[in-house]
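K.L.:
Structure file coords_33.cif (mmCIF, C-alpha atoms) is given on the next line.
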```cif
data_entry
#
loop_
_atom_site.group_PDB
_atom_site.id
_atom_site.type_symbol
_atom_site.label_atom_id
_atom_site.label_comp_id
_atom_site.auth_asym_id
_atom_site.auth_seq_id
_atom_site.Cartn_x
_atom_site.Cartn_y
_atom_site.Cartn_z
ATOM 1 C CA MET A 1 96.398 101.746 98.823
ATOM 2 C CA LEU A 2 96.842 103.689 95.554
ATOM 3 C CA ALA A 3 93.406 105.342 95.718
ATOM 4 C CA HIS A 4 94.228 106.589 99.211
ATOM 5 C CA GLN A 5 97.546 108.014 97.988
ATOM 6 C CA LEU A 6 95.574 109.928 95.350
ATOM 7 C CA ALA A 7 93.156 111.200 98.021
ATOM 8 C CA LEU A 8 96.072 112.392 100.115
ATOM 9 C CA GLU A 9 97.574 114.218 97.133
ATOM 10 C CA SER A 10 94.451 115.894 95.710
ATOM 11 C CA PRO A 11 91.959 117.922 97.751
ATOM 12 C CA TRP A 12 89.321 116.982 95.127
ATOM 13 C CA ILE A 13 89.645 113.207 95.562
ATOM 14 C CA GLN A 14 87.986 111.122 98.238
ATOM 15 C CA ALA A 15 88.687 107.410 98.307
ATOM 16 C CA GLU A 16 86.750 104.729 100.116
ATOM 17 C CA ALA A 17 87.893 101.112 100.363
ATOM 18 C CA VAL A 18 84.723 99.038 100.457
ATOM 19 C CA GLU A 19 84.743 95.456 101.704
ATOM 20 C CA ALA A 20 82.528 94.038 98.942
ATOM 21 C CA THR A 21 81.019 91.075 100.805
ATOM 22 C CA GLU A 22 79.887 93.274 103.711
ATOM 23 C CA PHE A 23 78.070 95.674 101.395
ATOM 24 C CA PRO A 24 76.500 93.348 98.812
ATOM 25 C CA GLU A 25 73.820 95.798 97.674
ATOM 26 C CA LEU A 26 76.366 98.471 96.758
ATOM 27 C CA SER A 27 78.588 95.838 95.144
ATOM 28 C CA ARG A 28 75.662 94.552 93.060
ATOM 29 C CA ARG A 29 74.736 98.067 91.985
ATOM 30 C CA HIS A 30 78.254 98.566 90.682
ATOM 31 C CA ALA A 31 78.323 95.055 89.185
ATOM 32 C CA VAL A 32 81.462 94.083 91.069
ATOM 33 C CA ARG A 33 82.799 90.797 89.730
ATOM 34 C CA GLY A 34 86.521 90.999 90.223
ATOM 35 C CA VAL A 35 88.464 92.785 92.912
ATOM 36 C CA PRO A 36 89.892 95.254 93.297
ATOM 37 C CA GLN A 37 87.389 97.228 91.254
ATOM 38 C CA THR A 38 87.509 100.993 91.372
ATOM 39 C CA THR A 39 84.400 102.948 90.468
ATOM 40 C CA ILE A 40 84.659 106.688 89.976
ATOM 41 C CA ASN A 41 81.769 109.064 90.691
ATOM 42 C CA ASP A 42 79.171 106.338 91.127
ATOM 43 C CA GLY A 43 80.017 104.489 87.922
ATOM 44 C CA ALA A 44 81.008 107.337 85.557
ATOM 45 C CA GLY A 45 84.436 105.718 85.456
ATOM 46 C CA ILE A 46 85.630 102.204 86.208
ATOM 47 C CA VAL A 47 88.905 100.327 86.542
ATOM 48 C CA VAL A 48 88.930 96.581 87.057
ATOM 49 C CA GLY A 49 91.895 94.893 88.688
ATOM 50 C CA ALA A 50 95.051 96.234 90.252
ATOM 51 C CA VAL A 51 96.507 98.651 87.722
ATOM 52 C CA PRO A 52 99.605 100.870 87.629
ATOM 53 C CA GLU A 53 99.352 104.403 88.960
ATOM 54 C CA GLU A 54 99.241 106.013 85.506
ATOM 55 C CA ASN A 55 96.290 103.858 84.368
ATOM 56 C CA LEU A 56 94.108 104.794 87.344
ATOM 57 C CA VAL A 57 95.036 108.469 87.018
ATOM 58 C CA ALA A 58 94.195 108.369 83.292
ATOM 59 C CA GLU A 59 90.727 106.996 84.055
ATOM 60 C CA ILE A 60 90.175 109.649 86.744
ATOM 61 C CA LEU A 61 91.151 112.366 84.274
ATOM 62 C CA ARG A 62 88.941 110.857 81.537
ATOM 63 C CA THR A 63 85.992 110.796 83.961
ATOM 64 C CA PHE A 64 86.719 114.358 85.066
ATOM 65 C CA ASN A 65 86.885 115.628 81.466
ATOM 66 C CA ALA A 66 83.528 113.980 80.677
ATOM 67 C CA ILE A 67 81.743 115.855 83.472
ATOM 68 C CA MET B 1 87.707 89.865 124.930
ATOM 69 C CA SER B 2 90.745 88.142 123.476
ATOM 70 C CA GLN B 3 93.201 89.994 121.282
ATOM 71 C CA LEU B 4 92.609 89.941 117.529
ATOM 72 C CA LEU B 5 96.308 90.399 116.789
ATOM 73 C CA ASP B 6 98.578 87.731 118.232
ATOM 74 C CA GLN B 7 101.782 88.697 120.030
ATOM 75 C CA GLU B 8 104.030 88.114 117.030
ATOM 76 C CA ILE B 9 101.962 90.390 114.763
ATOM 77 C CA GLN B 10 101.733 93.005 117.534
ATOM 78 C CA ASP B 11 105.522 93.008 117.882
ATOM 79 C CA GLN B 12 106.007 93.307 114.122
ATOM 80 C CA VAL B 13 103.498 96.131 113.758
ATOM 81 C CA GLN B 14 104.861 97.972 116.783
ATOM 82 C CA ASP B 15 108.350 97.768 115.318
ATOM 83 C CA ILE B 16 107.056 99.183 112.005
ATOM 84 C CA PHE B 17 105.162 101.949 113.802
ATOM 85 C CA ASN B 18 108.179 102.888 115.935
ATOM 86 C CA LYS B 19 110.328 103.237 112.836
ATOM 87 C CA GLN B 20 107.868 104.726 110.371
ATOM 88 C CA LEU B 21 105.238 106.807 112.148
ATOM 89 C CA THR B 22 106.505 110.372 112.346
ATOM 90 C CA GLU B 23 103.514 112.714 112.696
ATOM 91 C CA SER B 24 100.260 112.144 114.574
ATOM 92 C CA ILE B 25 97.233 110.408 113.102
ATOM 93 C CA GLN B 26 93.561 110.692 114.046
ATOM 94 C CA VAL B 27 91.415 107.649 113.264
ATOM 95 C CA LEU B 28 87.647 108.178 113.462
ATOM 96 C CA PHE B 29 85.629 104.978 113.785
ATOM 97 C CA PHE B 30 81.876 104.890 113.150
ATOM 98 C CA GLY B 31 79.774 101.946 114.266
ATOM 99 C CA GLN B 32 76.092 101.281 114.768
ATOM 100 C CA GLU B 33 74.140 99.297 117.343
ATOM 101 C CA GLU B 34 71.927 97.238 115.052
ATOM 102 C CA ASP B 35 72.674 95.028 112.103
ATOM 103 C CA CYS B 36 76.449 95.381 112.059
ATOM 104 C CA MET B 37 78.237 92.061 112.072
ATOM 105 C CA TYR B 38 81.758 93.484 111.932
ATOM 106 C CA CYS B 39 81.479 96.698 113.959
ATOM 107 C CA GLN B 40 82.894 95.229 117.181
ATOM 108 C CA ASP B 41 85.802 93.490 115.460
ATOM 109 C CA THR B 42 86.692 96.593 113.471
ATOM 110 C CA GLU B 43 86.618 98.842 116.527
ATOM 111 C CA ALA B 44 88.659 96.318 118.538
ATOM 112 C CA LEU B 45 91.232 95.997 115.746
ATOM 113 C CA LEU B 46 91.649 99.776 115.481
ATOM 114 C CA GLN B 47 91.972 100.020 119.267
ATOM 115 C CA GLU B 48 94.684 97.349 119.283
ATOM 116 C CA LEU B 49 96.594 99.262 116.600
ATOM 117 C CA ALA B 50 96.158 102.581 118.414
ATOM 118 C CA ASP B 51 97.526 100.942 121.577
ATOM 119 C CA LEU B 52 100.750 100.116 119.702
ATOM 120 C CA SER B 53 101.718 103.735 119.034
ATOM 121 C CA ASP B 54 101.278 107.068 120.768
ATOM 122 C CA LYS B 55 101.129 108.637 117.290
ATOM 123 C CA ILE B 56 97.683 107.105 116.696
ATOM 124 C CA GLU B 57 94.610 108.530 118.354
ATOM 125 C CA LEU B 58 91.277 106.742 117.978
ATOM 126 C CA GLY B 59 87.892 108.428 118.241
ATOM 127 C CA VAL B 60 84.836 106.166 118.466
ATOM 128 C CA TYR B 61 81.485 107.400 117.154
ATOM 129 C CA ASP B 62 78.035 106.087 116.362
ATOM 130 C CA LEU B 63 76.744 106.599 112.837
ATOM 131 C CA ALA B 64 73.272 107.604 114.080
ATOM 132 C CA ALA B 65 74.013 109.308 117.406
ATOM 133 C CA ASN B 66 76.934 111.268 115.901
ATOM 134 C CA ALA B 67 75.283 111.904 112.521
ATOM 135 C CA GLU B 68 76.711 115.415 112.250
ATOM 136 C CA ILE B 69 80.311 114.223 112.659
ATOM 137 C CA ALA B 70 79.657 111.347 110.232
ATOM 138 C CA ARG B 71 78.368 113.834 107.653
ATOM 139 C CA GLN B 72 81.346 116.094 108.207
ATOM 140 C CA PHE B 73 83.686 113.208 107.395
ATOM 141 C CA ASN B 74 81.454 111.755 104.642
ATOM 142 C CA VAL B 75 80.947 108.443 106.430
ATOM 143 C CA ASP B 76 77.694 106.652 105.572
ATOM 144 C CA LYS B 77 78.506 103.008 106.290
ATOM 145 C CA ALA B 78 79.189 100.989 109.418
ATOM 146 C CA PRO B 79 81.688 99.831 110.235
ATOM 147 C CA GLY B 80 83.430 102.770 108.647
ATOM 148 C CA PHE B 81 86.519 104.701 109.558
ATOM 149 C CA VAL B 82 88.565 107.678 108.464
ATOM 150 C CA ILE B 83 92.331 108.015 108.633
ATOM 151 C CA ALA B 84 93.127 111.693 109.095
ATOM 152 C CA ALA B 85 96.118 113.761 110.113
ATOM 153 C CA LYS B 86 96.271 115.386 113.523
ATOM 154 C CA ASN B 87 98.202 118.637 113.752
ATOM 155 C CA GLY B 88 97.933 119.833 117.310
ATOM 156 C CA ASP B 89 94.203 120.203 117.945
ATOM 157 C CA GLN B 90 93.384 120.290 114.258
ATOM 158 C CA ILE B 91 92.162 117.257 112.319
ATOM 159 C CA VAL B 92 93.010 117.299 108.619
ATOM 160 C CA ASP B 93 90.732 115.029 106.577
ATOM 161 C CA TYR B 94 92.275 113.870 103.289
ATOM 162 C CA GLY B 95 89.214 111.843 102.284
ATOM 163 C CA ILE B 96 90.758 108.484 103.184
ATOM 164 C CA ARG B 97 88.082 106.036 104.309
ATOM 165 C CA TYR B 98 87.358 102.351 104.817
ATOM 166 C CA ALA B 99 83.977 100.639 104.866
ATOM 167 C CA GLY B 100 84.041 97.173 106.403
ATOM 168 C CA VAL B 101 86.519 95.255 108.502
ATOM 169 C CA PRO B 102 90.103 95.520 107.178
ATOM 170 C CA ALA B 103 91.038 91.845 107.374
ATOM 171 C CA GLY B 104 93.500 89.817 105.314
ATOM 172 C CA HIS B 105 95.075 91.839 102.524
ATOM 173 C CA GLU B 106 93.247 94.964 103.698
ATOM 174 C CA PHE B 107 95.092 94.792 106.999
ATOM 175 C CA SER B 108 98.353 95.425 105.107
ATOM 176 C CA SER B 109 96.689 98.304 103.250
ATOM 177 C CA LEU B 110 95.608 99.773 106.560
ATOM 178 C CA ILE B 111 99.135 99.651 108.012
ATOM 179 C CA GLN B 112 100.494 101.230 104.818
ATOM 180 C CA ASP B 113 97.831 103.953 104.935
ATOM 181 C CA LEU B 114 98.673 104.790 108.557
ATOM 182 C CA ILE B 115 102.342 105.216 107.563
ATOM 183 C CA LEU B 116 101.285 107.254 104.516
ATOM 184 C CA VAL B 117 99.110 109.684 106.493
ATOM 185 C CA SER B 118 101.708 109.960 109.229
ATOM 186 C CA GLY B 119 104.255 111.010 106.585
ATOM 187 C CA ARG B 120 101.837 113.571 105.063
ATOM 188 C CA ASP B 121 103.171 112.686 101.624
ATOM 189 C CA SER B 122 101.398 110.728 98.870
ATOM 190 C CA LYS B 123 104.633 109.210 97.471
ATOM 191 C CA LEU B 124 103.114 109.500 93.989
ATOM 192 C CA SER B 125 105.247 110.150 90.907
ATOM 193 C CA PRO B 126 105.857 113.763 89.814
ATOM 194 C CA GLU B 127 103.849 113.019 86.643
ATOM 195 C CA THR B 128 100.812 111.858 88.641
ATOM 196 C CA ARG B 129 100.993 114.852 90.975
ATOM 197 C CA ASP B 130 101.116 117.125 87.932
ATOM 198 C CA ILE B 131 98.066 115.496 86.278
ATOM 199 C CA LEU B 132 96.055 115.714 89.501
ATOM 200 C CA THR B 133 96.405 119.505 89.551
ATOM 201 C CA ASN B 134 93.980 119.537 86.579
ATOM 202 C CA LEU B 135 91.081 118.455 88.796
ATOM 203 C CA THR B 136 88.637 121.175 89.809
ATOM 204 C CA SER B 137 85.605 119.203 90.970
ATOM 205 C CA PRO B 138 84.993 116.411 93.509
ATOM 206 C CA MET B 139 85.896 112.868 92.484
ATOM 207 C CA LEU B 140 84.787 109.896 94.574
ATOM 208 C CA LEU B 141 86.774 106.688 94.205
ATOM 209 C CA GLN B 142 85.228 103.538 95.642
ATOM 210 C CA VAL B 143 87.592 100.594 95.650
ATOM 211 C CA PHE B 144 85.798 97.297 96.109
ATOM 212 C CA VAL B 145 87.981 94.720 97.808
ATOM 213 C CA THR B 146 87.714 91.334 99.508
ATOM 214 C CA PRO B 147 89.743 90.048 102.453
ATOM 215 C CA THR B 148 91.563 87.281 100.545
#
```
What would you get if you wrote out this structure as structure tokens?

P.N.:
Amino acid sequence: MLAHQLALESPWIQAEAVEATEFPELSRRHAVRGVPQTTINDGAGIVVGAVPEENLVAEILRTFNAI
Amino acid sequence: MSQLLDQEIQDQVQDIFNKQLTESIQVLFFGQEEDCMYCQDTEALLQELADLSDKIELGVYDLAANAEIARQFNVDKAPGFVIAAKNGDQIVDYGIRYAGVPAGHEFSSLIQDLILVSGRDSKLSPETRDILTNLTSPMLLQVFVTPT
């Protein structure tokens, strides 16, 4: 999984794969409609769908720069 | 209890593990007694995988009874598990976690992640690795998935 590759590479990144149907409350809170959906820092960033490496990294960097 | 993985899948996975697992892996599973529909299946699945390779060690914990270990590894859901590296006696946590049973497509992700952690290399492009060096504060990625 791409998010897990990123976690392995960066000591600052943690990545959790969440089975959406088993955790409906969390999924509702993050308004999950399509999968995979990646939320960054509790909703500060979001990527919907399976995207290329550079797109996910760009969103992580955008979220980081907005902190 | 019957096996979750049939013989054919076991043979395939064992073949993959034999060829592709190089360094040792520590998997830490966290379950809970109450209100956990998939805890038993998840633990059983991880045990079956661990039985297929001597490179995989499985530790089984309870989210409540082992709260300190759960906190240490940032696990707050059951079933939840961490895929970490094991270097001698030392466990190296990369922040790679699953919440929920890894069935269907997630089973493939799990096998890939085991190979990834065993290799100790992210396999990311040089450009991505370079961009990631800009980070200086914690980032939590939560990837919502479904089994199909």

K.L.:
Got a sec: who's within 10 Å of Thr136 of chain B, counting only C-alpha atoms, leaving out chain neighbours fewer than 3 positions off, as a PDB file with C-alpha atoms, in the coordinates of the input?

P.N.:
```
ATOM      1  CA  SER A  10      94.451 115.894  95.710  1.00  0.00           C
ATOM      2  CA  PRO A  11      91.959 117.922  97.751  1.00  0.00           C
ATOM      3  CA  TRP A  12      89.321 116.982  95.127  1.00  0.00           C
ATOM      4  CA  ILE A  13      89.645 113.207  95.562  1.00  0.00           C
ATOM      5  CA  PHE A  64      86.719 114.358  85.066  1.00  0.00           C
TER       6      PHE A  64
ATOM      7  CA  LEU B 132      96.055 115.714  89.501  1.00  0.00           C
ATOM      8  CA  THR B 133      96.405 119.505  89.551  1.00  0.00           C
ATOM      9  CA  MET B 139      85.896 112.868  92.484  1.00  0.00           C
TER      10      MET B 139
END
```

K.L.:
Counting all atoms listed in the file, collect the residues of chain A whose closest atom lies at most 9 Å from chain B, and write them out as a short mmCIF file (atom, residue, chain, number, x, y, z; two decimals) with C-alpha atoms, in the frame of the given file.

P.N.:
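So part-v9.cif came out as:
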```
data_model
loop_
_atom_site.label_atom_id
_atom_site.label_comp_id
_atom_site.auth_asym_id
_atom_site.auth_seq_id
_atom_site.Cartn_x
_atom_site.Cartn_y
_atom_site.Cartn_z
CA MET A 1 96.40 101.75 98.82
CA LEU A 2 96.84 103.69 95.55
CA ALA A 3 93.41 105.34 95.72
CA HIS A 4 94.23 106.59 99.21
CA GLN A 5 97.55 108.01 97.99
CA LEU A 6 95.57 109.93 95.35
CA ALA A 7 93.16 111.20 98.02
CA LEU A 8 96.07 112.39 100.12
CA GLU A 9 97.57 114.22 97.13
CA SER A 10 94.45 115.89 95.71
CA PRO A 11 91.96 117.92 97.75
CA TRP A 12 89.32 116.98 95.13
CA ILE A 13 89.64 113.21 95.56
CA GLN A 14 87.99 111.12 98.24
CA ALA A 15 88.69 107.41 98.31
CA GLU A 16 86.75 104.73 100.12
CA ALA A 17 87.89 101.11 100.36
CA VAL A 18 84.72 99.04 100.46
CA GLU A 19 84.74 95.46 101.70
CA ALA A 20 82.53 94.04 98.94
CA THR A 21 81.02 91.08 100.80
CA GLU A 22 79.89 93.27 103.71
CA PHE A 23 78.07 95.67 101.40
CA SER A 27 78.59 95.84 95.14
CA VAL A 32 81.46 94.08 91.07
CA GLY A 34 86.52 91.00 90.22
CA VAL A 35 88.46 92.78 92.91
CA PRO A 36 89.89 95.25 93.30
CA GLN A 37 87.39 97.23 91.25
CA THR A 38 87.51 100.99 91.37
CA THR A 39 84.40 102.95 90.47
CA ILE A 40 84.66 106.69 89.98
CA ASN A 41 81.77 109.06 90.69
CA ASP A 42 79.17 106.34 91.13
CA GLU A 53 99.35 104.40 88.96
CA GLU A 54 99.24 106.01 85.51
CA VAL A 57 95.04 108.47 87.02
CA ALA A 58 94.20 108.37 83.29
CA ILE A 60 90.18 109.65 86.74
CA LEU A 61 91.15 112.37 84.27
CA THR A 63 85.99 110.80 83.96
CA PHE A 64 86.72 114.36 85.07
CA ASN A 65 86.88 115.63 81.47
#
```

K.L.:
How far is it from atom CA of Gly104 of chain B to atom CA of Leu56 of chain A, in Å with one decimal?

P.N.:
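Computed distance, atom CA of Gly104 of chain B to atom CA of Leu56 of chain A, equals 23.4 Å.
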
K.L.:
Quote the spacing between atom CA of Val92 of chain B and atom CA of Ala50 of chain B in Å to one decimal place.

P.N.:
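Value for the atom CA of Val92 of chain B-atom CA of Ala50 of chain B distance: 18.0 Å.
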
K.L.:
So the first atom is atom CA of Leu46 of chain B and the second is atom CA of Val27 of chain B; what is the distance between them in Å, to one decimal place?

P.N.:
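Spanning atom CA of Leu46 of chain B to atom CA of Val27 of chain B is a straight-line distance of 8.2 Å.
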
K.L.:
Rank B:Gln90, B:His105, B:Lys55, B:Gln72 by their smallest atom-to-atom distance to Leu21 of chain B, using only C-alpha atoms, and report the top residue only.

P.N.:
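Closest to Leu21 of chain B, using only C-alpha atoms: B:Lys55.
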
K.L.:
Once 5 Å is added on each side, what are the centre and the three edge lengths, in Å to one decimal, of the axis-aligned box enclosing the listed atoms of segment 29-37 of chain A? Present them as AutoDock Vina command-line options.

P.N.:
```
--center_x 82.3 --center_y 94.7 --center_z 91.2 --size_x 25.2 --size_y 17.8 --size_z 14.1
```
